[in-house]
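Peer 1: One file is attached below, model-v8.txt, containing compact mmCIF, C-alpha atoms.
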# COMPACT_ATOMS: atom_id res chain seq x y z
CA MET A 2 16.00 -23.16 -7.68
CA ALA A 3 18.43 -22.35 -4.90
CA HIS A 4 20.78 -19.72 -6.29
CA ASP A 5 23.82 -18.76 -4.28
CA HIS A 6 22.70 -15.30 -3.26
CA ALA A 7 24.97 -15.34 -0.25
CA SER A 8 28.02 -15.17 -2.49
CA HIS A 9 26.92 -11.76 -3.66
CA GLY A 10 26.72 -10.38 -0.17
CA HIS A 11 23.12 -9.25 0.08
CA VAL A 12 20.64 -9.85 2.85
CA PRO A 13 17.42 -11.22 1.36
CA HIS A 14 15.01 -9.78 3.87
CA GLY A 15 15.73 -6.21 3.00
CA HIS A 16 12.87 -6.02 0.52
CA SER A 17 9.90 -7.11 2.55
CA HIS A 18 9.82 -5.87 6.08
CA GLY A 19 6.88 -3.41 6.06
CA ALA A 20 3.42 -4.88 6.30
CA GLY A 21 4.58 -8.49 6.34
CA HIS A 22 6.68 -7.86 9.43
CA VAL A 23 3.70 -6.31 11.23
CA HIS A 24 1.47 -9.22 10.23
CA GLY A 25 4.05 -11.69 11.55
CA SER A 26 4.12 -10.00 14.96
CA THR A 27 0.33 -9.90 15.38
CA ASP A 28 -0.15 -13.39 13.91
CA LYS A 29 2.32 -14.77 16.45
CA LYS A 30 0.18 -13.40 19.32
CA ARG A 31 -3.03 -14.68 17.75
CA VAL A 32 -1.67 -18.20 17.38
CA LEU A 33 -0.45 -18.23 20.99
CA ILE A 34 -3.89 -17.18 22.29
CA ALA A 35 -5.56 -19.88 20.18
CA ALA A 36 -3.07 -22.50 21.44
CA CYS A 37 -3.85 -21.62 25.07
CA LEU A 38 -7.63 -21.74 24.49
CA THR A 39 -7.43 -25.06 22.65
CA GLY A 40 -5.03 -26.72 25.07
CA GLY A 41 -6.94 -25.56 28.11
CA PHE A 42 -10.28 -26.98 27.00
CA MET A 43 -8.82 -30.17 25.54
CA VAL A 44 -8.37 -31.70 29.00
CA ALA A 45 -11.98 -31.00 29.98
CA GLU A 46 -13.29 -32.44 26.71
CA ALA A 47 -11.22 -35.61 27.05
CA LEU A 48 -12.61 -36.18 30.55
CA GLY A 49 -16.11 -35.48 29.25
CA GLY A 50 -15.66 -38.03 26.48
CA LEU A 51 -14.51 -40.70 28.91
CA ILE A 52 -17.36 -40.02 31.33
CA THR A 53 -20.12 -39.87 28.70
CA GLY A 54 -18.73 -42.59 26.42
CA SER A 55 -18.94 -40.27 23.39
CA LEU A 56 -16.59 -40.96 20.51
CA ALA A 57 -17.43 -37.55 19.05
CA LEU A 58 -16.08 -35.87 22.20
CA LEU A 59 -13.05 -38.15 22.42
CA ALA A 60 -12.31 -37.63 18.73
CA ASP A 61 -12.61 -33.87 19.12
CA ALA A 62 -10.43 -33.98 22.24
CA GLY A 63 -7.79 -35.96 20.34
CA HIS A 64 -8.03 -33.46 17.54
CA MET A 65 -7.64 -30.60 20.03
CA LEU A 66 -4.59 -32.27 21.59
CA ALA A 67 -2.91 -32.47 18.19
CA ASP A 68 -4.08 -28.94 17.43
CA SER A 69 -2.58 -27.60 20.64
CA ILE A 70 0.76 -29.05 19.61
CA ALA A 71 0.32 -27.82 16.03
CA LEU A 72 -0.60 -24.32 17.17
CA GLY A 73 2.43 -24.34 19.45
CA LEU A 74 4.60 -25.27 16.46
CA ALA A 75 2.94 -22.55 14.38
CA TRP A 76 3.72 -20.01 17.13
CA TYR A 77 7.34 -21.19 17.24
CA ALA A 78 7.55 -20.95 13.46
CA PHE A 79 6.49 -17.29 13.64
CA HIS A 80 9.07 -16.82 16.39
CA LEU A 81 11.84 -18.32 14.25
CA ALA A 82 10.77 -16.34 11.19
CA GLY A 83 11.59 -13.14 13.05
CA ARG A 84 15.24 -14.08 13.40
CA PRO A 85 17.71 -12.41 11.04
CA ALA A 86 19.43 -14.25 8.21
CA THR A 87 22.81 -15.84 8.86
CA GLY A 88 25.83 -16.79 6.79
CA ARG A 89 24.53 -20.37 6.64
CA LEU A 90 20.82 -19.58 6.31
CA THR A 91 20.93 -16.64 3.93
CA TYR A 92 17.14 -16.50 3.59
CA GLY A 93 16.63 -16.63 7.34
CA PHE A 94 13.96 -18.87 8.89
CA GLY A 95 10.93 -17.70 6.89
CA ARG A 96 10.38 -21.07 5.23
CA VAL A 97 9.98 -22.79 8.62
CA LYS A 98 6.38 -21.52 8.55
CA THR A 99 5.74 -23.40 5.30
CA LEU A 100 7.36 -26.56 6.67
CA VAL A 101 5.12 -26.39 9.75
CA ALA A 102 2.06 -25.86 7.53
CA TYR A 103 2.94 -29.01 5.57
CA THR A 104 3.50 -30.95 8.81
CA ASN A 105 0.14 -29.74 10.11
CA GLY A 106 -1.53 -31.09 6.99
CA ILE A 107 0.01 -34.53 7.59
CA ALA A 108 -1.08 -34.44 11.24
CA ILE A 109 -4.66 -33.67 10.24
CA PHE A 110 -4.63 -36.64 7.86
CA VAL A 111 -3.49 -38.98 10.64
CA ILE A 112 -6.12 -37.66 13.07
CA ALA A 113 -8.92 -38.00 10.52
CA LEU A 114 -7.93 -41.59 9.71
CA TRP A 115 -7.88 -42.42 13.43
CA ILE A 116 -11.39 -41.00 13.82
CA VAL A 117 -12.66 -43.13 10.91
CA TYR A 118 -11.03 -46.25 12.42
CA GLU A 119 -12.58 -45.63 15.83
CA ALA A 120 -15.97 -44.86 14.29
CA TRP A 121 -15.98 -48.18 12.45
CA GLY A 122 -15.35 -49.97 15.73
CA ARG A 123 -18.22 -48.12 17.38
CA LEU A 124 -20.61 -48.96 14.55
CA MET A 125 -19.70 -52.65 14.84
CA HIS A 126 -19.93 -52.62 18.64
CA PRO A 127 -22.31 -49.83 19.80
CA ALA A 128 -21.70 -48.39 23.25
CA PRO A 129 -23.99 -46.36 25.53
CA VAL A 130 -23.60 -42.58 25.40
CA LEU A 131 -24.74 -40.06 28.05
CA GLY A 132 -26.43 -37.43 25.90
CA GLY A 133 -26.97 -34.73 28.58
CA PRO A 134 -23.40 -34.31 29.85
CA MET A 135 -22.15 -34.77 26.27
CA LEU A 136 -24.28 -31.82 25.14
CA VAL A 137 -22.94 -29.55 27.90
CA VAL A 138 -19.31 -30.35 27.09
CA ALA A 139 -19.89 -30.02 23.34
CA VAL A 140 -21.56 -26.60 23.65
CA THR A 141 -18.72 -25.34 25.85
CA GLY A 142 -16.20 -26.66 23.34
CA LEU A 143 -18.00 -24.94 20.49
CA LEU A 144 -17.82 -21.59 22.29
CA VAL A 145 -14.09 -22.03 22.97
CA ASN A 146 -13.42 -22.99 19.35
CA ILE A 147 -15.45 -20.07 18.01
CA ALA A 148 -13.37 -17.71 20.15
CA ALA A 149 -10.11 -19.26 18.89
CA PHE A 150 -11.35 -19.15 15.28
CA PHE A 151 -12.17 -15.43 15.44
CA VAL A 152 -8.79 -14.69 17.04
CA LEU A 153 -6.99 -16.44 14.18
CA ASN A 154 -9.32 -15.28 11.41
CA GLY A 155 -8.19 -11.69 11.93
CA GLY A 156 -4.62 -12.62 10.96
CA ASP A 157 -2.85 -12.75 7.60
CA ARG A 158 -4.87 -15.18 5.45
CA GLY A 159 -2.09 -15.23 2.84
CA SER A 160 0.26 -16.99 5.28
CA LEU A 161 0.32 -20.77 4.87
CA ASN A 162 1.29 -21.12 8.53
CA MET A 163 -1.71 -19.06 9.65
CA ARG A 164 -4.01 -20.96 7.31
CA GLY A 165 -2.77 -24.23 8.77
CA ALA A 166 -3.54 -22.95 12.28
CA ILE A 167 -7.02 -21.80 11.19
CA LEU A 168 -7.65 -25.20 9.59
CA HIS A 169 -6.89 -26.99 12.86
CA VAL A 170 -9.27 -24.77 14.83
CA LEU A 171 -11.93 -25.05 12.12
CA GLY A 172 -11.69 -28.83 12.43
CA ASP A 173 -12.21 -28.51 16.18
CA LEU A 174 -15.18 -26.21 15.61
CA LEU A 175 -16.79 -28.71 13.22
CA GLY A 176 -16.06 -31.50 15.69
CA SER A 177 -17.85 -29.63 18.48
CA ALA A 178 -20.81 -28.89 16.19
CA ALA A 179 -21.03 -32.59 15.27
CA ALA A 180 -20.88 -33.57 18.94
CA ILE A 181 -23.76 -31.17 19.70
CA ALA A 182 -25.84 -32.60 16.87
CA ALA A 183 -25.09 -36.15 18.01
CA ALA A 184 -26.02 -35.32 21.62
CA VAL A 185 -29.33 -33.79 20.54
CA VAL A 186 -30.22 -36.84 18.44
CA ILE A 187 -29.26 -39.22 21.26
CA LEU A 188 -31.33 -37.27 23.79
CA ALA A 189 -34.32 -37.15 21.44
CA THR A 190 -34.25 -40.69 20.03
CA GLY A 191 -31.63 -42.72 21.91
CA TRP A 192 -29.99 -43.67 18.57
CA THR A 193 -26.27 -43.83 19.47
CA PRO A 194 -24.84 -44.70 15.99
CA ILE A 195 -25.26 -41.01 15.10
CA ASP A 196 -22.19 -40.34 17.27
CA PRO A 197 -19.62 -42.23 15.13
CA ILE A 198 -21.42 -41.33 11.88
CA LEU A 199 -21.07 -37.59 12.45
CA SER A 200 -17.48 -38.11 13.58
CA VAL A 201 -16.66 -39.65 10.18
CA LEU A 202 -18.42 -36.81 8.37
CA VAL A 203 -16.26 -34.25 10.16
CA ALA A 204 -13.13 -36.30 9.38
CA LEU A 205 -13.95 -36.32 5.66
CA LEU A 206 -14.54 -32.57 5.61
CA ILE A 207 -11.19 -31.98 7.30
CA LEU A 208 -9.35 -34.32 4.92
CA SER A 209 -10.24 -32.36 1.80
CA THR A 210 -9.06 -29.07 3.27
CA ALA A 211 -5.91 -30.67 4.69
CA TRP A 212 -5.03 -32.02 1.24
CA SER A 213 -5.35 -28.53 -0.25
CA LEU A 214 -3.05 -27.08 2.43
CA MET A 215 -0.45 -29.84 1.98
CA ARG A 216 -0.44 -29.46 -1.81
CA GLU A 217 0.10 -25.70 -1.61
CA ALA A 218 2.79 -25.98 1.06
CA ALA A 219 4.57 -28.69 -0.96
CA HIS A 220 4.50 -26.44 -4.03
CA VAL A 221 6.28 -23.73 -2.05
CA LEU A 222 8.84 -26.18 -0.63
CA LEU A 223 9.53 -27.44 -4.16
CA GLU A 224 10.05 -23.81 -5.23
CA GLY A 225 7.28 -23.95 -7.81
CA VAL A 226 5.99 -20.83 -9.54
CA PRO A 227 3.30 -19.19 -7.35
CA ALA A 228 -0.23 -19.81 -8.63
CA SER A 229 -0.82 -16.08 -9.12
CA LEU A 230 2.17 -15.71 -11.46
CA ASP A 231 3.05 -16.94 -14.96
CA ARG A 232 6.79 -17.11 -15.56
CA ASP A 233 6.62 -17.05 -19.36
CA LEU A 234 4.22 -14.10 -19.42
CA ILE A 235 6.45 -12.18 -17.02
CA ALA A 236 9.47 -12.79 -19.25
CA LYS A 237 7.55 -11.57 -22.32
CA ASP A 238 6.35 -8.54 -20.38
CA ILE A 239 9.92 -7.54 -19.53
CA GLU A 240 11.02 -8.01 -23.15
CA ALA A 241 8.15 -5.85 -24.34
CA THR A 242 8.30 -3.04 -21.79
CA VAL A 243 11.90 -2.62 -20.62
CA LYS A 244 13.94 -0.63 -23.13
CA GLY A 245 17.10 -2.32 -24.33
CA VAL A 246 16.12 -5.87 -23.31
CA ARG A 247 16.31 -8.19 -26.30
CA GLU A 248 15.56 -11.48 -24.57
CA VAL A 249 14.88 -12.92 -21.11
CA HIS A 250 15.85 -16.53 -20.38
CA HIS A 251 16.97 -18.84 -17.55
CA MET A 252 14.15 -17.32 -15.51
CA HIS A 253 13.07 -18.87 -12.22
CA VAL A 254 10.18 -17.62 -10.10
CA TRP A 255 9.33 -18.99 -6.67
CA SER A 256 8.06 -18.02 -3.24
CA LEU A 257 10.01 -18.10 -0.02
CA ASP A 258 7.04 -18.68 2.27
CA GLY A 259 3.87 -18.40 0.18
CA THR A 260 3.80 -14.59 0.38
CA SER A 261 7.29 -13.31 -0.55
CA ASN A 262 7.89 -13.86 -4.28
CA MET A 263 11.39 -14.03 -5.75
CA ALA A 264 12.99 -14.39 -9.18
CA THR A 265 16.30 -14.87 -10.96
CA LEU A 266 16.82 -14.31 -14.69
CA HIS A 267 19.28 -13.61 -17.48
CA ALA A 268 18.56 -10.44 -19.47
CA CYS A 269 20.19 -10.31 -22.90
CA LEU A 270 20.68 -6.60 -23.71
CA ASN A 271 21.16 -4.75 -26.97
CA ASP A 272 24.62 -3.36 -27.65
CA GLY A 273 25.24 -0.01 -26.02
CA VAL A 274 22.60 -0.38 -23.32
CA ASP A 275 23.68 0.64 -19.80
CA PRO A 276 23.39 -2.62 -17.77
CA HIS A 277 22.85 -0.76 -14.48
CA MET A 278 19.86 1.13 -15.85
CA ALA A 279 18.43 -1.99 -17.52
CA VAL A 280 18.67 -4.06 -14.35
CA SER A 281 17.09 -1.28 -12.31
CA ALA A 282 14.20 -1.00 -14.78
CA ILE A 283 13.67 -4.78 -14.76
CA LYS A 284 13.57 -4.92 -10.97
CA LYS A 285 11.13 -2.00 -10.78
CA ARG A 286 8.87 -3.67 -13.35
CA LEU A 287 8.91 -6.98 -11.47
CA ALA A 288 8.01 -5.27 -8.20
CA ALA A 289 5.35 -2.91 -9.53
CA GLU A 290 3.53 -5.19 -11.97
CA HIS A 291 4.17 -8.72 -10.71
CA GLY A 292 4.65 -8.47 -6.94
CA ILE A 293 8.22 -9.78 -7.07
CA ASP A 294 10.13 -7.66 -4.58
CA HIS A 295 13.37 -9.61 -4.65
CA ALA A 296 15.11 -10.37 -7.93
CA THR A 297 18.61 -11.30 -9.08
CA VAL A 298 19.29 -10.21 -12.67
CA GLU A 299 22.28 -11.21 -14.79
CA PRO A 300 22.72 -8.83 -17.75
CA GLU A 301 24.35 -10.27 -20.88
CA PHE A 302 25.55 -9.08 -24.28
CA GLY A 303 25.71 -11.48 -27.20
CA LEU A 304 25.55 -15.20 -26.41
CA CYS A 305 24.55 -16.50 -22.99
CA ALA A 306 27.53 -17.66 -20.98
CA ASP A 307 25.71 -20.85 -19.97
CA SER A 308 25.21 -21.89 -23.61
CA HIS A 309 28.98 -22.30 -24.33
CA ASP A 310 30.93 -25.50 -23.98
CA GLU A 311 33.27 -25.82 -20.99
CA HIS A 312 36.36 -24.44 -22.82
CA ASP A 313 34.57 -21.43 -24.26
CA HIS A 314 32.74 -20.91 -20.99
CA HIS A 315 36.01 -20.48 -19.08
CA HIS A 316 37.46 -18.35 -21.90
CA ASP A 317 34.51 -15.95 -21.87
CA HIS A 318 34.57 -15.56 -18.10
CA ALA A 319 38.27 -14.82 -18.17
CA HIS A 320 38.05 -12.16 -20.90
CA ASP A 321 34.52 -10.77 -21.07
CA ALA A 322 32.84 -11.24 -17.69
CA PRO A 323 34.10 -8.00 -16.10
CA ARG A 324 32.36 -6.07 -18.90
CA ASP A 325 29.47 -8.19 -20.10
CA ARG A 326 28.30 -10.64 -17.42
CA ARG A 327 27.84 -9.09 -14.04
CA HIS A 328 25.22 -9.77 -11.34
CA TYR A 329 23.17 -6.94 -9.93
CA HIS A 330 20.98 -7.19 -6.82
Have the structure of the file written as structure tokens, please.
Peer 2:
Amino acid sequence: MAHDHASHGHVPHGHSHGAGHVHGSTDKKRVLIAACLTGGFMVAEALGGLITGSLALLADAGHMLADSIALGLAWYAFHLAGRPATGRLTYGFGRVKTLVAYTNGIAIFVIALWIVYEAWGRLMHPAPVLGGPMLVVAVTGLLVNIAAFFVLNGGDRGSLNMRGAILHVLGDLLGSAAAIAAAVVILATGWTPIDPILSVLVALLILSTAWSLMREAAHVLLEGVPASLDRDLIAKDIEATVKGVREVHHMHVWSLDGTSNMATLHACLNDGVDPHMAVSAIKKRLAAEHGIDHATVEPEFGLCADSHDEHDHHHDHAHDAPRDRRHYH
């Protein structure tokens, strides 16, 4: 739910610079290194695939081409995320990382389907494959992909953008391993259908992981409740532990980028309770117990303003809002 936080004059990034900011800086460098490694070897692998006639190498090279672009986008997403919020983009550019992660998932789907299509053609019309040169290129590719994987694996695994980048490199790594296996079989037996068969196997493995990434990224983009949180239990926890809170309703919990959790809620208070102290206690509870570092709380006395009809709604805001319905951030 996109609440108009800008109208209350706060800057949403003030709660979560610390460790997340450090992770973003190092992750940006890691993704750039991986993009350079992947893009550099992709040309050599494509040439190797054309020379040897190996679909496994060509498929992996195509995957690495898409991955180079995807890693470049992931790097740019980290770059944008470091920009400050603006009057038009009050949350800044943090969600660009999630959008790129979702796009990466779609790209992986397209690549995997292309590999399956090409493999079917190779099975119907087998082509000769040079096993020796194919093995050399595949082993070199595996070493490059292992290096890129370890560079990325040291980053923030909670970041959807970083996980998308790791998934791309993992797909390349599996592709290189499949190409090595295919080359060994071809050298030992001369059976070339192993090349497209292993290519399809890698594609299927990648598809399942890509679907998981897309589903999680879509959940964030749709502002769903993070999997680690339960909105109703959080509301009951506040009612039970924060003194003076009679009821919590109109509560929304979502994540900005898969790591930064946020919430808005109405807190109906008992008569005589200091709203400033109640709001402060609610925000501290959300941060300490539920990992929600950014919350907008609307304290209320009596009936909820949103439950009145239009006439009463305007009447209450005109007479009671300065005392009873104020927003605290």
Peer 1: Just the residues within 7 Å of stretch 212-226 of chain A, please, counting all atoms listed in the file, with nothing from its chain fewer than 2 positions along; format it as number ranges by chain.
Peer 2: A: 2, 99, 102-103, 106, 161, 165, 208-210, 228, 230, 254-256, 258-259
Peer 1: Between A:Ala71, A:Leu266, A:Ala279, A:Ala288, which residue has the minimum interatomic distance to A:Asn162, considering all atoms listed in the file?
Peer 2: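 Residue with the minimum atom-to-atom distance to A:Asn162: A:Ala71.
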Peer 1: In Å, how far is it from atom CA of A:Thr242 to atom CA of A:Cys305?
Peer 2: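 Between these atoms lies a distance of 21.1 Å.
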Peer 1: For stretch 137-139 of chain A, work out the shell of residues within 7 Å, counting only C-alpha atoms and skipping chain neighbours fewer than 4 positions away, then give it as a ChimeraX atom specification.
Peer 2: /A:46,49,133,143,177,180-181
Peer 1: How far is it from atom CA of A:His250 to atom CA of A:His267, in Å with one decimal?
Peer 2: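 Going from atom CA of A:His250 over to atom CA of A:His267 covers 5.4 Å.
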Peer 1: One number please: atom CA of A:Ala268 to atom CA of A:Gly88, in Å, one decimal.
Peer 2: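 Computing the Euclidean distance for atom CA of A:Ala268 and atom CA of A:Gly88 yields 28.0 Å.
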Peer 1: Smallest atom-to-atom distance to A:Arg232: which of A:Ile112, A:Leu33, A:Ile293, A:Val145, using all atoms listed in the file?
Peer 2: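 Result for the nearest residue to A:Arg232: A:Ile293.
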Peer 1: So which residues touch A:Asp173 within 7 Å, counting all atoms listed in the file, skipping near sequence neighbours fewer than 4 positions away, as a JSON list (two decimals) with C-alpha atoms, keeping the file's coordinate frame?
Peer 2:
[["chain", "number", "residue", "atom", "x", "y", "z"],
["A", 61, "ASP", "CA", -12.61, -33.87, 19.12],
["A", 64, "HIS", "CA", -8.03, -33.46, 17.54],
["A", 65, "MET", "CA", -7.64, -30.60, 20.03],
["A", 146, "ASN", "CA", -13.42, -22.99, 19.35],
["A", 169, "HIS", "CA", -6.89, -26.99, 12.86],
["A", 177, "SER", "CA", -17.85, -29.63, 18.48]]
Peer 1: Please produce stretch 140-151 of chain A, completed to all heavy atoms, as a PDB file, in the frame of the given file.
Peer 2:
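Saved result, rebuild.pdb, follows:
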ATOM      1  N   VAL A 140     -21.216 -28.019  23.797  1.00  0.00           N
ATOM      2  CA  VAL A 140     -21.560 -26.600  23.650  1.00  0.00           C
ATOM      3  C   VAL A 140     -20.422 -25.725  24.169  1.00  0.00           C
ATOM      4  O   VAL A 140     -20.058 -24.720  23.544  1.00  0.00           O
ATOM      5  CB  VAL A 140     -22.876 -26.284  24.395  1.00  0.00           C
ATOM      6  CG1 VAL A 140     -23.091 -24.780  24.479  1.00  0.00           C
ATOM      7  CG2 VAL A 140     -24.052 -26.942  23.690  1.00  0.00           C
ATOM      8  N   THR A 141     -19.859 -26.098  25.309  1.00  0.00           N
ATOM      9  CA  THR A 141     -18.720 -25.340  25.850  1.00  0.00           C
ATOM     10  C   THR A 141     -17.546 -25.362  24.882  1.00  0.00           C
ATOM     11  O   THR A 141     -16.894 -24.340  24.639  1.00  0.00           O
ATOM     12  CB  THR A 141     -18.278 -25.919  27.210  1.00  0.00           C
ATOM     13  OG1 THR A 141     -19.403 -25.991  28.082  1.00  0.00           O
ATOM     14  CG2 THR A 141     -17.199 -25.052  27.839  1.00  0.00           C
ATOM     15  N   GLY A 142     -17.286 -26.542  24.309  1.00  0.00           N
ATOM     16  CA  GLY A 142     -16.200 -26.660  23.340  1.00  0.00           C
ATOM     17  C   GLY A 142     -16.435 -25.806  22.111  1.00  0.00           C
ATOM     18  O   GLY A 142     -15.506 -25.200  21.576  1.00  0.00           O
ATOM     19  N   LEU A 143     -17.679 -25.761  21.662  1.00  0.00           N
ATOM     20  CA  LEU A 143     -18.000 -24.940  20.490  1.00  0.00           C
ATOM     21  C   LEU A 143     -17.704 -23.470  20.765  1.00  0.00           C
ATOM     22  O   LEU A 143     -17.130 -22.780  19.916  1.00  0.00           O
ATOM     23  CB  LEU A 143     -19.479 -25.118  20.129  1.00  0.00           C
ATOM     24  CG  LEU A 143     -19.962 -24.319  18.910  1.00  0.00           C
ATOM     25  CD1 LEU A 143     -19.292 -24.827  17.641  1.00  0.00           C
ATOM     26  CD2 LEU A 143     -21.480 -24.399  18.777  1.00  0.00           C
ATOM     27  N   LEU A 144     -18.069 -22.991  21.942  1.00  0.00           N
ATOM     28  CA  LEU A 144     -17.820 -21.590  22.290  1.00  0.00           C
ATOM     29  C   LEU A 144     -16.324 -21.289  22.335  1.00  0.00           C
ATOM     30  O   LEU A 144     -15.866 -20.249  21.851  1.00  0.00           O
ATOM     31  CB  LEU A 144     -18.474 -21.261  23.648  1.00  0.00           C
ATOM     32  CG  LEU A 144     -20.010 -21.336  23.690  1.00  0.00           C
ATOM     33  CD1 LEU A 144     -20.514 -21.098  25.108  1.00  0.00           C
ATOM     34  CD2 LEU A 144     -20.617 -20.325  22.721  1.00  0.00           C
ATOM     35  N   VAL A 145     -15.553 -22.207  22.911  1.00  0.00           N
ATOM     36  CA  VAL A 145     -14.090 -22.030  22.970  1.00  0.00           C
ATOM     37  C   VAL A 145     -13.505 -21.999  21.564  1.00  0.00           C
ATOM     38  O   VAL A 145     -12.663 -21.160  21.232  1.00  0.00           O
ATOM     39  CB  VAL A 145     -13.443 -23.148  23.807  1.00  0.00           C
ATOM     40  CG1 VAL A 145     -11.921 -23.089  23.689  1.00  0.00           C
ATOM     41  CG2 VAL A 145     -13.855 -23.026  25.274  1.00  0.00           C
ATOM     42  N   ASN A 146     -13.952 -22.916  20.714  1.00  0.00           N
ATOM     43  CA  ASN A 146     -13.420 -22.990  19.350  1.00  0.00           C
ATOM     44  C   ASN A 146     -13.820 -21.779  18.510  1.00  0.00           C
ATOM     45  O   ASN A 146     -13.045 -21.320  17.669  1.00  0.00           O
ATOM     46  CB  ASN A 146     -13.898 -24.280  18.666  1.00  0.00           C
ATOM     47  CG  ASN A 146     -13.224 -25.512  19.223  1.00  0.00           C
ATOM     48  OD1 ASN A 146     -12.032 -25.486  19.532  1.00  0.00           O
ATOM     49  ND2 ASN A 146     -13.974 -26.584  19.383  1.00  0.00           N
ATOM     50  N   ILE A 147     -15.031 -21.280  18.726  1.00  0.00           N
ATOM     51  CA  ILE A 147     -15.450 -20.070  18.010  1.00  0.00           C
ATOM     52  C   ILE A 147     -14.556 -18.898  18.395  1.00  0.00           C
ATOM     53  O   ILE A 147     -14.122 -18.111  17.541  1.00  0.00           O
ATOM     54  CB  ILE A 147     -16.934 -19.749  18.315  1.00  0.00           C
ATOM     55  CG1 ILE A 147     -17.844 -20.751  17.607  1.00  0.00           C
ATOM     56  CG2 ILE A 147     -17.277 -18.328  17.868  1.00  0.00           C
ATOM     57  CD1 ILE A 147     -19.319 -20.593  17.941  1.00  0.00           C
ATOM     58  N   ALA A 148     -14.254 -18.777  19.687  1.00  0.00           N
ATOM     59  CA  ALA A 148     -13.370 -17.710  20.150  1.00  0.00           C
ATOM     60  C   ALA A 148     -11.988 -17.826  19.505  1.00  0.00           C
ATOM     61  O   ALA A 148     -11.422 -16.843  19.005  1.00  0.00           O
ATOM     62  CB  ALA A 148     -13.254 -17.745  21.672  1.00  0.00           C
ATOM     63  N   ALA A 149     -11.438 -19.050  19.492  1.00  0.00           N
ATOM     64  CA  ALA A 149     -10.110 -19.260  18.890  1.00  0.00           C
ATOM     65  C   ALA A 149     -10.143 -18.978  17.395  1.00  0.00           C
ATOM     66  O   ALA A 149      -9.202 -18.393  16.839  1.00  0.00           O
ATOM     67  CB  ALA A 149      -9.659 -20.709  19.138  1.00  0.00           C
ATOM     68  N   PHE A 150     -11.237 -19.372  16.728  1.00  0.00           N
ATOM     69  CA  PHE A 150     -11.350 -19.150  15.280  1.00  0.00           C
ATOM     70  C   PHE A 150     -11.353 -17.653  14.956  1.00  0.00           C
ATOM     71  O   PHE A 150     -10.665 -17.214  14.032  1.00  0.00           O
ATOM     72  CB  PHE A 150     -12.624 -19.807  14.748  1.00  0.00           C
ATOM     73  CG  PHE A 150     -12.856 -19.584  13.282  1.00  0.00           C
ATOM     74  CD1 PHE A 150     -12.155 -20.317  12.332  1.00  0.00           C
ATOM     75  CD2 PHE A 150     -13.758 -18.635  12.838  1.00  0.00           C
ATOM     76  CE1 PHE A 150     -12.346 -20.119  10.979  1.00  0.00           C
ATOM     77  CE2 PHE A 150     -13.967 -18.425  11.482  1.00  0.00           C
ATOM     78  CZ  PHE A 150     -13.263 -19.171  10.553  1.00  0.00           C
ATOM     79  N   PHE A 151     -12.114 -16.864  15.714  1.00  0.00           N
ATOM     80  CA  PHE A 151     -12.170 -15.430  15.440  1.00  0.00           C
ATOM     81  C   PHE A 151     -10.844 -14.748  15.744  1.00  0.00           C
ATOM     82  O   PHE A 151     -10.458 -13.787  15.076  1.00  0.00           O
ATOM     83  CB  PHE A 151     -13.308 -14.779  16.227  1.00  0.00           C
ATOM     84  CG  PHE A 151     -14.638 -14.893  15.543  1.00  0.00           C
ATOM     85  CD1 PHE A 151     -15.608 -15.770  16.015  1.00  0.00           C
ATOM     86  CD2 PHE A 151     -14.922 -14.148  14.403  1.00  0.00           C
ATOM     87  CE1 PHE A 151     -16.827 -15.889  15.372  1.00  0.00           C
ATOM     88  CE2 PHE A 151     -16.145 -14.260  13.753  1.00  0.00           C
ATOM     89  CZ  PHE A 151     -17.103 -15.131  14.240  1.00  0.00           C
TER      90      PHE A 151
END
